[in-house]
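**Q** Sharing target.txt (compact mmCIF, C-alpha atoms) below.
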```txt
# COMPACT_ATOMS: atom_id res chain seq x y z
CA MET S 1 -12.04 5.20 27.60
CA ALA S 2 -12.78 1.70 26.35
CA GLY S 3 -11.17 0.28 23.24
CA SER S 4 -7.47 0.91 23.89
CA VAL S 5 -6.58 -2.70 24.80
CA LEU S 6 -6.04 -5.41 22.17
CA GLY S 7 -5.33 -9.14 22.35
CA GLU S 8 -6.14 -12.18 24.50
CA VAL S 9 -2.72 -13.52 25.56
CA PHE S 10 -0.31 -11.15 23.84
CA ARG S 11 -2.01 -7.94 24.95
CA ILE S 12 -1.23 -4.32 24.20
CA SER S 13 -2.62 -1.07 25.56
CA THR S 14 -1.84 2.13 23.65
CA TRP S 15 -2.06 5.62 25.10
CA GLY S 16 -1.43 9.25 24.16
CA GLU S 17 -2.61 11.95 21.77
CA SER S 18 -1.26 13.70 18.69
CA HIS S 19 -0.39 16.92 20.50
CA GLY S 20 0.11 15.67 24.04
CA PRO S 21 3.52 15.20 25.72
CA GLY S 22 3.94 11.78 24.13
CA LEU S 23 2.50 8.47 23.05
CA GLY S 24 3.23 4.90 23.98
CA VAL S 25 2.16 1.35 24.62
CA VAL S 26 2.29 -1.31 27.30
CA VAL S 27 2.87 -4.85 26.01
CA ASP S 28 1.84 -7.70 28.31
CA GLY S 29 2.20 -11.41 27.64
CA CYS S 30 5.59 -11.24 25.95
CA PRO S 31 7.69 -14.31 26.84
CA ALA S 32 10.92 -13.90 28.76
CA GLY S 33 14.30 -14.35 27.14
CA ILE S 34 13.82 -12.49 23.85
CA SER S 35 16.69 -10.24 22.81
CA LEU S 36 15.24 -6.72 22.61
CA ALA S 37 16.80 -3.26 22.34
CA GLU S 38 15.44 0.17 21.49
CA GLU S 39 17.14 -0.09 18.08
CA ASP S 40 14.96 -3.11 17.21
CA ILE S 41 11.84 -1.02 17.72
CA GLN S 42 13.30 2.16 16.22
CA PHE S 43 13.81 0.43 12.87
CA PHE S 44 10.06 0.08 12.48
CA LEU S 45 9.20 3.51 13.88
CA ASP S 46 11.55 5.14 11.38
CA ARG S 47 9.52 3.59 8.55
CA ARG S 48 6.34 5.38 9.72
CA LYS S 49 8.10 8.61 10.77
CA PRO S 50 6.71 11.84 9.26
CA GLY S 51 8.67 14.22 7.08
CA GLU S 52 10.74 11.60 5.25
CA THR S 53 9.44 12.28 1.72
CA LYS S 54 7.45 14.98 -0.06
CA TYR S 55 4.46 12.64 0.11
CA SER S 56 4.23 12.75 3.91
CA THR S 57 3.39 15.48 6.39
CA PRO S 58 6.24 17.98 6.87
CA ARG S 59 5.85 17.62 10.64
CA ARG S 60 9.37 16.78 11.83
CA GLU S 61 9.44 14.30 14.69
CA GLY S 62 12.39 12.18 15.78
CA ASP S 63 10.00 9.52 17.13
CA ARG S 64 12.75 8.14 19.39
CA VAL S 65 11.50 5.26 21.51
CA LYS S 66 12.44 4.58 25.13
CA ILE S 67 12.01 1.24 26.88
CA LEU S 68 10.85 1.94 30.45
CA SER S 69 10.25 -1.58 31.74
CA GLY S 70 10.18 -5.27 30.95
CA VAL S 71 13.74 -5.56 29.61
CA PHE S 72 16.86 -6.36 31.64
CA GLU S 73 20.37 -6.76 30.28
CA GLY S 74 19.01 -6.78 26.73
CA ARG S 75 16.38 -9.48 27.22
CA THR S 76 12.67 -9.47 27.95
CA THR S 77 11.80 -10.43 31.52
CA GLY S 78 8.27 -11.73 30.93
CA THR S 79 6.80 -8.70 32.72
CA PRO S 80 4.93 -5.79 31.03
CA ILE S 81 7.06 -3.86 28.54
CA SER S 82 6.37 -0.12 28.60
CA LEU S 83 7.44 1.98 25.61
CA VAL S 84 7.22 5.75 25.16
CA VAL S 85 7.82 8.22 22.32
CA GLU S 86 7.83 11.94 23.13
CA ASN S 87 6.15 14.52 20.90
CA THR S 88 8.59 17.30 20.05
CA SER S 89 7.04 19.20 17.10
CA GLN S 90 3.47 20.06 18.06
CA LYS S 91 1.88 23.12 16.47
CA SER S 92 -1.46 23.16 18.24
CA LYS S 93 -2.20 26.73 17.09
CA ASP S 94 -2.74 25.31 13.58
CA TYR S 95 -6.02 23.89 14.91
CA SER S 96 -7.29 26.80 17.02
CA GLU S 97 -9.46 28.15 14.18
CA ILE S 98 -11.33 24.86 13.80
CA LYS S 99 -11.79 23.91 17.45
CA ASP S 100 -15.56 24.49 17.19
CA CYS S 101 -15.93 22.93 13.72
CA TYR S 102 -16.46 19.37 12.53
CA ARG S 103 -13.97 18.61 9.77
CA PRO S 104 -15.43 16.52 6.91
CA GLY S 105 -14.08 12.97 6.85
CA HIS S 106 -12.69 13.19 10.40
CA ALA S 107 -13.87 11.78 13.72
CA ASP S 108 -14.57 15.26 15.15
CA TYR S 109 -18.36 14.94 15.11
CA THR S 110 -18.56 11.31 16.22
CA PHE S 111 -15.99 11.81 19.01
CA ASP S 112 -17.98 14.81 20.27
CA ALA S 113 -21.23 12.83 20.03
CA LYS S 114 -19.75 10.03 22.13
CA TYR S 115 -17.88 11.98 24.83
CA GLY S 116 -19.37 15.48 24.70
CA PHE S 117 -15.81 16.75 24.50
CA ARG S 118 -12.87 16.37 22.15
CA ASP S 119 -9.19 17.22 21.80
CA TYR S 120 -9.26 19.24 18.58
CA ARG S 121 -5.45 19.42 18.26
CA GLY S 122 -4.72 17.14 15.32
CA GLY S 123 -7.55 14.80 16.18
CA GLY S 124 -6.25 13.90 19.62
CA ARG S 125 -6.71 10.19 20.25
CA SER S 126 -8.22 9.73 16.76
CA SER S 127 -5.06 10.99 15.06
CA GLY S 128 -2.98 8.75 12.85
CA ARG S 129 -0.12 9.54 15.21
CA GLU S 130 -1.71 7.11 17.68
CA THR S 131 -0.30 4.31 15.51
CA ILE S 132 3.14 4.90 17.06
CA GLY S 133 2.16 2.63 19.94
CA ARG S 134 0.88 -0.04 17.57
CA VAL S 135 4.08 -0.03 15.52
CA ALA S 136 6.27 -0.18 18.63
CA ALA S 137 4.32 -3.18 19.94
CA GLY S 138 4.29 -4.71 16.47
CA ALA S 139 8.09 -4.56 16.40
CA ILE S 140 8.17 -6.89 19.42
CA ALA S 141 5.61 -9.18 17.76
CA MET S 142 7.79 -9.28 14.63
CA LYS S 143 10.76 -10.37 16.76
CA ILE S 144 8.69 -13.26 18.10
CA LEU S 145 7.53 -14.27 14.62
CA ASP S 146 11.08 -14.13 13.30
CA LEU S 147 12.16 -16.62 15.97
CA LEU S 148 9.38 -18.92 14.74
CA GLY S 149 10.40 -18.60 11.09
CA ILE S 150 7.34 -16.51 10.19
CA ARG S 151 7.81 -13.44 7.99
CA ILE S 152 5.52 -10.50 7.29
CA ARG S 153 5.98 -8.03 4.43
CA ALA S 154 3.58 -5.31 3.30
CA TYR S 155 3.72 -2.79 0.46
CA THR S 156 1.56 -0.29 -1.39
CA LYS S 157 -0.35 -2.28 -3.99
CA GLN S 158 -2.43 0.59 -5.39
CA ILE S 159 -2.59 4.39 -5.36
CA GLY S 160 -5.64 5.91 -6.98
CA PRO S 161 -6.14 4.13 -10.33
CA PHE S 162 -2.55 2.83 -10.47
CA VAL S 163 -2.16 -0.83 -9.46
CA CYS S 164 1.13 -2.75 -9.23
CA ARG S 165 1.39 -5.52 -11.82
CA ARG S 166 2.11 -8.90 -10.24
CA GLU S 167 4.66 -9.89 -12.89
CA PHE S 168 6.69 -6.69 -12.33
CA MET S 169 6.60 -6.64 -8.54
CA ASP S 170 9.98 -7.02 -6.81
CA GLU S 171 10.35 -6.83 -3.04
CA GLY S 172 13.70 -5.10 -3.50
CA ASN S 173 11.88 -2.14 -5.06
CA ILE S 174 9.68 -1.39 -2.05
CA GLU S 175 12.15 0.83 -0.22
CA LYS S 176 13.41 2.30 -3.50
CA SER S 177 9.96 3.72 -4.18
CA PRO S 178 8.95 6.83 -2.18
CA LEU S 179 5.44 5.37 -2.23
CA ARG S 180 6.67 1.89 -1.16
CA MET S 181 5.37 0.28 -4.35
CA PRO S 182 7.18 -2.88 -5.57
CA ASP S 183 6.50 -2.00 -9.23
CA LEU S 184 8.73 1.01 -9.98
CA GLU S 185 7.10 1.89 -13.30
CA VAL S 186 3.68 2.07 -11.70
CA SER S 187 5.21 3.96 -8.77
CA ALA S 188 6.46 6.65 -11.16
CA GLN S 189 3.00 6.95 -12.74
CA ALA S 190 1.40 7.18 -9.30
CA GLU S 191 3.87 9.89 -8.28
CA GLU S 192 2.88 12.05 -11.27
CA TYR S 193 -0.79 11.51 -10.46
CA LEU S 194 -0.24 12.35 -6.79
CA ALA S 195 1.74 15.51 -7.62
CA LYS S 196 -1.19 16.73 -9.71
CA LYS S 197 -3.66 16.06 -6.89
CA MET S 198 -1.41 17.89 -4.44
CA GLU S 199 -1.44 20.93 -6.73
CA GLU S 200 -5.22 20.71 -6.66
CA MET S 201 -5.06 20.63 -2.83
CA ASP S 202 -6.54 17.14 -2.84
CA SER S 203 -5.57 13.70 -1.52
CA VAL S 204 -5.60 10.12 -2.81
CA GLY S 205 -6.60 6.68 -1.49
CA GLY S 206 -5.22 3.24 -2.24
CA VAL S 207 -4.51 -0.31 -1.09
CA VAL S 208 -1.81 -1.91 1.07
CA GLU S 209 -1.21 -5.62 0.55
CA CYS S 210 0.43 -7.79 3.23
CA VAL S 211 1.84 -11.32 2.93
CA VAL S 212 2.51 -13.62 5.90
CA SER S 213 4.88 -16.48 5.04
CA GLY S 214 5.70 -19.46 7.23
CA MET S 215 2.55 -19.51 9.34
CA PRO S 216 1.95 -23.16 10.30
CA ALA S 217 -1.38 -24.83 9.63
CA GLY S 218 -3.83 -25.00 12.52
CA ILE S 219 -3.71 -21.45 13.90
CA GLY S 220 -7.02 -19.74 14.62
CA GLU S 221 -10.38 -20.80 16.01
CA PRO S 222 -13.29 -22.33 14.06
CA VAL S 223 -16.05 -20.06 15.39
CA PHE S 224 -15.58 -16.69 17.13
CA GLY S 225 -11.80 -16.54 17.22
CA LYS S 226 -11.18 -17.00 13.50
CA LEU S 227 -7.73 -15.98 12.31
CA ASP S 228 -9.15 -14.06 9.36
CA ALA S 229 -11.59 -12.23 11.64
CA ALA S 230 -8.74 -11.25 13.98
CA LEU S 231 -6.61 -10.01 11.09
CA ALA S 232 -9.50 -8.06 9.58
CA GLY S 233 -10.44 -6.59 12.95
CA ASN S 234 -6.89 -5.42 13.57
CA LEU S 235 -6.65 -3.80 10.15
CA PHE S 236 -10.09 -2.20 10.45
CA SER S 237 -8.90 -0.62 13.70
CA ILE S 238 -6.49 1.51 11.64
CA GLY S 239 -8.30 4.83 11.32
CA ALA S 240 -8.27 5.23 7.53
CA VAL S 241 -9.07 1.61 6.55
CA LYS S 242 -12.50 1.21 4.93
CA GLY S 243 -12.19 -2.27 3.42
CA VAL S 244 -10.32 -5.55 4.03
CA GLU S 245 -10.11 -8.67 1.88
CA ILE S 246 -8.21 -11.94 2.14
CA GLY S 247 -7.04 -14.12 -0.75
CA ALA S 248 -9.30 -13.67 -3.77
CA GLY S 249 -11.43 -11.36 -1.62
CA PHE S 250 -14.45 -9.82 -3.30
CA GLU S 251 -13.62 -11.59 -6.56
CA VAL S 252 -15.10 -14.79 -5.08
CA ALA S 253 -18.55 -13.29 -5.56
CA GLN S 254 -18.11 -13.75 -9.32
CA MET S 255 -16.72 -17.30 -9.12
CA THR S 256 -18.21 -20.76 -9.04
CA GLY S 257 -17.20 -23.33 -6.45
CA SER S 258 -15.06 -25.19 -8.96
CA GLN S 259 -13.22 -21.94 -9.79
CA ASN S 260 -12.73 -20.83 -6.20
CA ASN S 261 -11.74 -24.09 -4.48
CA ASP S 262 -8.01 -24.71 -3.98
CA SER S 263 -7.21 -28.35 -4.77
CA PHE S 264 -4.85 -30.18 -2.39
CA TYR S 265 -1.91 -32.46 -3.15
CA MET S 266 0.78 -34.27 -1.17
CA ALA S 267 4.22 -32.66 -1.43
CA ALA S 268 7.46 -34.65 -1.61
CA ASP S 269 8.18 -33.87 2.06
CA GLY S 270 4.87 -35.41 3.11
CA SER S 271 3.12 -32.13 3.80
CA VAL S 272 -0.28 -31.09 2.47
CA LYS S 273 -0.11 -28.33 -0.16
CA LYS S 274 -2.53 -26.44 -2.44
CA TYR S 275 -2.18 -25.87 -6.19
CA THR S 276 -3.65 -22.37 -5.83
CA ASN S 277 -4.23 -19.96 -2.95
CA ARG S 278 -7.54 -18.21 -3.52
CA ALA S 279 -8.33 -18.84 0.15
CA GLY S 280 -5.45 -16.57 1.09
CA GLY S 281 -3.93 -19.08 3.51
CA ILE S 282 -7.00 -19.45 5.75
CA LEU S 283 -9.79 -22.05 5.64
CA GLY S 284 -12.63 -22.14 8.16
CA GLY S 285 -10.94 -19.43 10.21
CA ILE S 286 -7.79 -21.56 10.61
CA SER S 287 -4.45 -21.19 8.82
CA ASP S 288 -3.77 -23.85 6.15
CA GLY S 289 0.02 -23.43 5.99
CA ASP S 290 0.02 -21.38 2.78
CA ASP S 291 0.93 -17.70 2.52
CA ILE S 292 -1.67 -15.48 4.15
CA VAL S 293 -2.50 -12.66 1.75
CA ILE S 294 -4.52 -9.73 3.08
CA ARG S 295 -5.31 -6.31 1.61
CA ALA S 296 -6.55 -3.11 3.25
CA ALA S 297 -8.22 -0.27 1.35
CA PHE S 298 -7.31 3.19 2.68
CA LYS S 299 -9.50 6.21 2.15
CA PRO S 300 -7.95 9.46 0.91
CA THR S 301 -6.50 11.64 3.67
CA PRO S 302 -9.49 13.66 4.96
CA SER S 303 -7.33 16.73 5.71
CA ILE S 304 -7.34 18.55 2.38
CA PHE S 305 -6.75 22.27 1.83
CA GLN S 306 -9.77 22.94 -0.38
CA LYS S 307 -12.75 24.86 1.01
CA GLN S 308 -15.45 22.49 2.26
CA ASN S 309 -18.94 22.77 3.69
CA THR S 310 -19.51 21.68 7.28
CA VAL S 311 -21.21 22.67 10.54
CA ASN S 312 -19.95 23.90 13.90
CA CYS S 313 -20.80 22.81 17.43
CA ARG S 314 -23.44 25.58 17.61
CA GLY S 315 -25.42 23.97 14.81
CA GLU S 316 -24.55 26.53 12.10
CA ASP S 317 -23.74 25.76 8.47
CA ILE S 318 -20.27 27.12 7.71
CA GLU S 319 -17.43 26.87 5.21
CA ILE S 320 -14.04 25.59 6.34
CA GLN S 321 -10.49 25.55 4.96
CA ILE S 322 -8.09 23.34 6.89
CA LYS S 323 -4.54 24.43 7.70
CA GLY S 324 -1.63 22.53 9.23
CA ARG S 325 0.69 19.70 8.15
CA HIS S 326 -0.94 16.66 6.60
CA ASP S 327 -0.11 13.62 4.48
CA PRO S 328 -1.49 13.87 0.91
CA VAL S 329 -1.50 10.06 0.81
CA ILE S 330 -1.61 7.57 3.68
CA MET S 331 -0.39 4.25 2.27
CA PRO S 332 3.43 4.72 2.21
CA ARG S 333 3.60 5.38 5.96
CA ALA S 334 0.75 2.95 6.68
CA VAL S 335 2.65 -0.03 5.24
CA VAL S 336 4.50 -0.62 8.51
CA VAL S 337 1.28 -0.08 10.49
CA VAL S 338 -0.37 -2.89 8.50
CA GLU S 339 2.63 -5.11 9.20
CA ALA S 340 2.42 -4.31 12.91
CA MET S 341 -1.30 -5.00 13.22
CA THR S 342 -0.93 -8.22 11.24
CA ALA S 343 1.94 -9.32 13.48
CA LEU S 344 -0.03 -8.57 16.65
CA ALA S 345 -2.94 -10.72 15.48
CA ALA S 346 -0.63 -13.54 14.37
CA VAL S 347 1.31 -13.70 17.65
CA ASP S 348 -1.82 -13.56 19.78
CA LYS S 349 -3.45 -16.40 17.84
CA LEU S 350 -0.25 -18.45 17.96
CA PHE S 351 -0.13 -18.07 21.75
CA VAL S 352 -3.84 -18.88 22.15
CA GLY S 353 -3.35 -21.94 19.95
CA MET S 354 -0.72 -23.40 22.30
CA THR S 355 -3.52 -24.77 24.50
CA SER S 356 -5.56 -26.40 21.70
CA ARG S 357 -4.13 -29.93 22.09
CA MET S 358 -3.44 -31.88 25.25
CA ASP S 359 -0.61 -33.92 23.70
CA LEU S 360 1.27 -30.71 22.88
CA ILE S 361 0.79 -29.43 26.42
CA GLN S 362 2.10 -32.73 27.80
CA ASP S 363 5.10 -32.61 25.46
CA PHE S 364 5.91 -29.07 26.56
CA TYR S 365 5.88 -29.81 30.28
CA ARG S 366 7.69 -33.12 29.87
CA ARG S 367 10.49 -31.36 28.00
CA ARG S 368 10.68 -28.68 30.68
CA ASP S 369 10.87 -31.32 33.44
CA CYS S 370 13.62 -33.13 31.54
CA LYS S 371 15.68 -29.94 31.39
CA LYS S 372 15.38 -29.56 35.18
CA GLU S 373 16.72 -33.09 35.67
```
The structure in this file should be written as structure tokens.
**A**
Amino acid sequence: MAGSVLGEVFRISTWGESHGPGLGVVVDGCPAGISLAEEDIQFFLDRRKPGETKYSTPRREGDRVKILSGVFEGRTTGTPISLVVENTSQKSKDYSEIKDCYRPGHADYTFDAKYGFRDYRGGGRSSGRETIGRVAAGAIAMKILDLLGIRIRAYTKQIGPFVCRREFMDEGNIEKSPLRMPDLEVSAQAEEYLAKKMEEMDSVGGVVECVVSGMPAGIGEPVFGKLDAALAGNLFSIGAVKGVEIGAGFEVAQMTGSQNNDSFYMAADGSVKKYTNRAGGILGGISDGDDIVIRAAFKPTPSIFQKQNTVNCRGEDIEIQIKGRHDPVIMPRAVVVVEAMTALAAVDKLFVGMTSRMDLIQDFYRRRDCKKE
């Protein structure tokens, strides 16, 4: 199966299915000498774990990670890091009635069209549970970024028609909100709206916003390896994402050049700064040193409990009513997935960028030779 490997230098390969024995990831290209323990990774996995609030699937999984390779005496060795999480709460019988049906909004039909076969238990490889491997790998990427003074933070910006107000957003509110919204008043309104939709056996979409702070200028390529293209590609690889925008995003279509351009000025420390950040921290595919602001639009969870029209694999029109355990809203648990995919793109582009200038390569090897002496 193609499409399970991501990255040029910092590479990951995820594996596993929703109802198989487990899921995991192999991370290659991680430098040696980084302090890494299972607890570092578990912190991020706990944020995407199911069953934590009434707005997530009631499927109860411990999602405990095990490090199988690549770490010795608490530090990375520079060799591939293999991580595994066992599945412990599968209920495959919930899907036996729909094994021959194509669920609306799911990848059932397209997966069958591609392979002529599909794992119908929870979507198999197409399940949102596949993101476990991404988050585990992203936790390692976040460790690397932290050592470089780069910080990533995502949150639910919008649920249905309810959008967080910039002037009332406080990062300290994110984990206080069961929907991970930094505006608690809007979070309360969204909770009421979501409760009503759950009573109607329906689901809701929304937007996750992510901010990268501390990214130095000069990261990314000017043509095919653009930083914004890598970030967007990583976010679009998340199953439920249907739209991505950076900075002012689609609003630029209504602007003039004079309105959209970010004017530069020289800061007191001699660095180049911008008065505004409509570019979202990226110009010409390369980071400009400002905060990178990226948003991902998530579709409503396709697994709803209303009756729907569909077809089966025998070509018959039928009516279907899905059973099982499903999230009524994706964004709260997807926040950490967005962080992970953003971190993976950032680290990979940082590592690729290390070879962009000969003087920096010379400086690196001269310093290393000096240490040997």
**Q** Counting only C-alpha atoms, find the residues whose atoms lie at most 9 Å from (0.1, -0.7, -7.2) (file coordinates) and write them out as a list of chain:residue names.
**A**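 Nearby residues: S:Tyr155, S:Thr156, S:Lys157, S:Gln158, S:Ile159, S:Gly160, S:Pro161, S:Phe162, S:Val163, S:Cys164, S:Arg165, S:Arg166, S:Met169, S:Met181, S:Pro182, S:Asp183, S:Val186, S:Ser187, S:Ala190, S:Gly206, S:Val207, S:Val208.
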**Q** Restricting the output to C-alpha atoms, write the selected residues as a PDB file, in the frame of the given file.
**A**
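Full text of result18.pdb as output:
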```pdb
ATOM      1  CA  TYR S 155       3.720  -2.790   0.460  1.00  0.00           C
ATOM      2  CA  THR S 156       1.560  -0.290  -1.390  1.00  0.00           C
ATOM      3  CA  LYS S 157      -0.350  -2.280  -3.990  1.00  0.00           C
ATOM      4  CA  GLN S 158      -2.430   0.590  -5.390  1.00  0.00           C
ATOM      5  CA  ILE S 159      -2.590   4.390  -5.360  1.00  0.00           C
ATOM      6  CA  GLY S 160      -5.640   5.910  -6.980  1.00  0.00           C
ATOM      7  CA  PRO S 161      -6.140   4.130 -10.330  1.00  0.00           C
ATOM      8  CA  PHE S 162      -2.550   2.830 -10.470  1.00  0.00           C
ATOM      9  CA  VAL S 163      -2.160  -0.830  -9.460  1.00  0.00           C
ATOM     10  CA  CYS S 164       1.130  -2.750  -9.230  1.00  0.00           C
ATOM     11  CA  ARG S 165       1.390  -5.520 -11.820  1.00  0.00           C
ATOM     12  CA  ARG S 166       2.110  -8.900 -10.240  1.00  0.00           C
ATOM     13  CA  MET S 169       6.600  -6.640  -8.540  1.00  0.00           C
ATOM     14  CA  MET S 181       5.370   0.280  -4.350  1.00  0.00           C
ATOM     15  CA  PRO S 182       7.180  -2.880  -5.570  1.00  0.00           C
ATOM     16  CA  ASP S 183       6.500  -2.000  -9.230  1.00  0.00           C
ATOM     17  CA  VAL S 186       3.680   2.070 -11.700  1.00  0.00           C
ATOM     18  CA  SER S 187       5.210   3.960  -8.770  1.00  0.00           C
ATOM     19  CA  ALA S 190       1.400   7.180  -9.300  1.00  0.00           C
ATOM     20  CA  GLY S 206      -5.220   3.240  -2.240  1.00  0.00           C
ATOM     21  CA  VAL S 207      -4.510  -0.310  -1.090  1.00  0.00           C
ATOM     22  CA  VAL S 208      -1.810  -1.910   1.070  1.00  0.00           C
TER      23      VAL S 208
END
```
**Q** With distances taken over all atoms listed in the file, which of S:Arg129, S:Lys226, S:Arg134, S:Lys307 is nearest to Thr14 in chain S?
**A**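 Among S:Arg129, S:Lys226, S:Arg134, S:Lys307, it is S:Arg134 that comes nearest to Thr14 in chain S.
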**Q** Hey, can you check how far CA of Pro222 in chain S sits from CA of Gly285 in chain S?
**A**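 Between CA of Pro222 in chain S and CA of Gly285 in chain S the gap is 5.4 Å.
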**Q** Name the residues in contact with Ile98 in chain S at a cut-off of 10 Å, using only C-alpha atoms, excluding same-chain residues fewer than 6 positions from it; report them as a list in words.
**A**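 Listed by chain and then number, they are Tyr120, Arg121, Asn312, Ile320, Gln321, Ile322 and Lys323 of chain S.
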**Q** Which residue, S:Ala32, S:Ile140, S:Val337, S:Ile304, has the smallest gap to Asp46 in chain S when you use only C-alpha atoms?
**A**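 Nearest to Asp46 in chain S: S:Val337.
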**Q** Restricting the calculation to all atoms listed in the file, which member of S:Glu130, S:Glu200, S:Asp348, S:Asp359 is positioned closest to Val25 in chain S?
**A**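 The shortest atom-to-atom distance to Val25 in chain S comes from S:Glu130.
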**Q** Please determine, counting only C-alpha atoms, which residue among S:Leu68, S:Asp112, S:Val27, S:Glu73 has the shortest atom-to-atom distance to Cys313 in chain S.
**A** S:Asp112
**Q** What does the distance from CA of Ile67 in chain S to CA of Asn87 in chain S come to in Å, to one decimal?
**A**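 So the two atoms, CA of Ile67 in chain S and CA of Asn87 in chain S, lie 15.7 Å apart.
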**Q** If we count all atoms listed in the file, what is near Phe10 in chain S at a cut-off of 8 Å, once residues fewer than 5 positions away on the same chain are taken out, given as a list in words?
**A** Val27, Asp28, Gly29, Cys30, Leu344, Val347, Asp348 and Phe351 of chain S
**Q** Rounded to one decimal place, report the CA of Asp288 in chain S-CA of Asn173 in chain S distance in Å.
**A**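 Calculated distance between CA of Asp288 in chain S and CA of Asn173 in chain S is 29.0 Å.
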**Q** With 7 Å as the threshold, what does the neighbourhood of (-7.0, -6.6, -0.7) contain in terms of residues, counting all atoms listed in the file? Coordinates are those of the file; answer as JSON, numbers by chain.
**A** {"S": [207, 209, 244, 245, 246, 249, 294, 295, 296, 297]}
**Q** May I have the selected residues written with C-alpha atoms, as a PDB file, in the coordinates of the input?
**A**
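Below is the file out_1.pdb, written as the result:
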```pdb
ATOM      1  CA  VAL S 207      -4.510  -0.310  -1.090  1.00  0.00           C
ATOM      2  CA  GLU S 209      -1.210  -5.620   0.550  1.00  0.00           C
ATOM      3  CA  VAL S 244     -10.320  -5.550   4.030  1.00  0.00           C
ATOM      4  CA  GLU S 245     -10.110  -8.670   1.880  1.00  0.00           C
ATOM      5  CA  ILE S 246      -8.210 -11.940   2.140  1.00  0.00           C
ATOM      6  CA  GLY S 249     -11.430 -11.360  -1.620  1.00  0.00           C
ATOM      7  CA  ILE S 294      -4.520  -9.730   3.080  1.00  0.00           C
ATOM      8  CA  ARG S 295      -5.310  -6.310   1.610  1.00  0.00           C
ATOM      9  CA  ALA S 296      -6.550  -3.110   3.250  1.00  0.00           C
ATOM     10  CA  ALA S 297      -8.220  -0.270   1.350  1.00  0.00           C
TER      11      ALA S 297
END
```
**Q** I need the residue nearest Met201 in chain S from this list: S:Pro332, S:Phe305, S:Gln189, S:Leu350. Use only C-alpha atoms for the distance.
**A**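 Of S:Pro332, S:Phe305, S:Gln189, S:Leu350, the one nearest Met201 in chain S is S:Phe305, counting only C-alpha atoms.
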**Q** With all atoms listed in the file as the basis for distance, which of S:Met266, S:Ala230, S:Leu23, S:Ala37 is at the shortest distance from Thr88 in chain S?
**A**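 Answer, going by the shortest atom-to-atom distance: S:Leu23.
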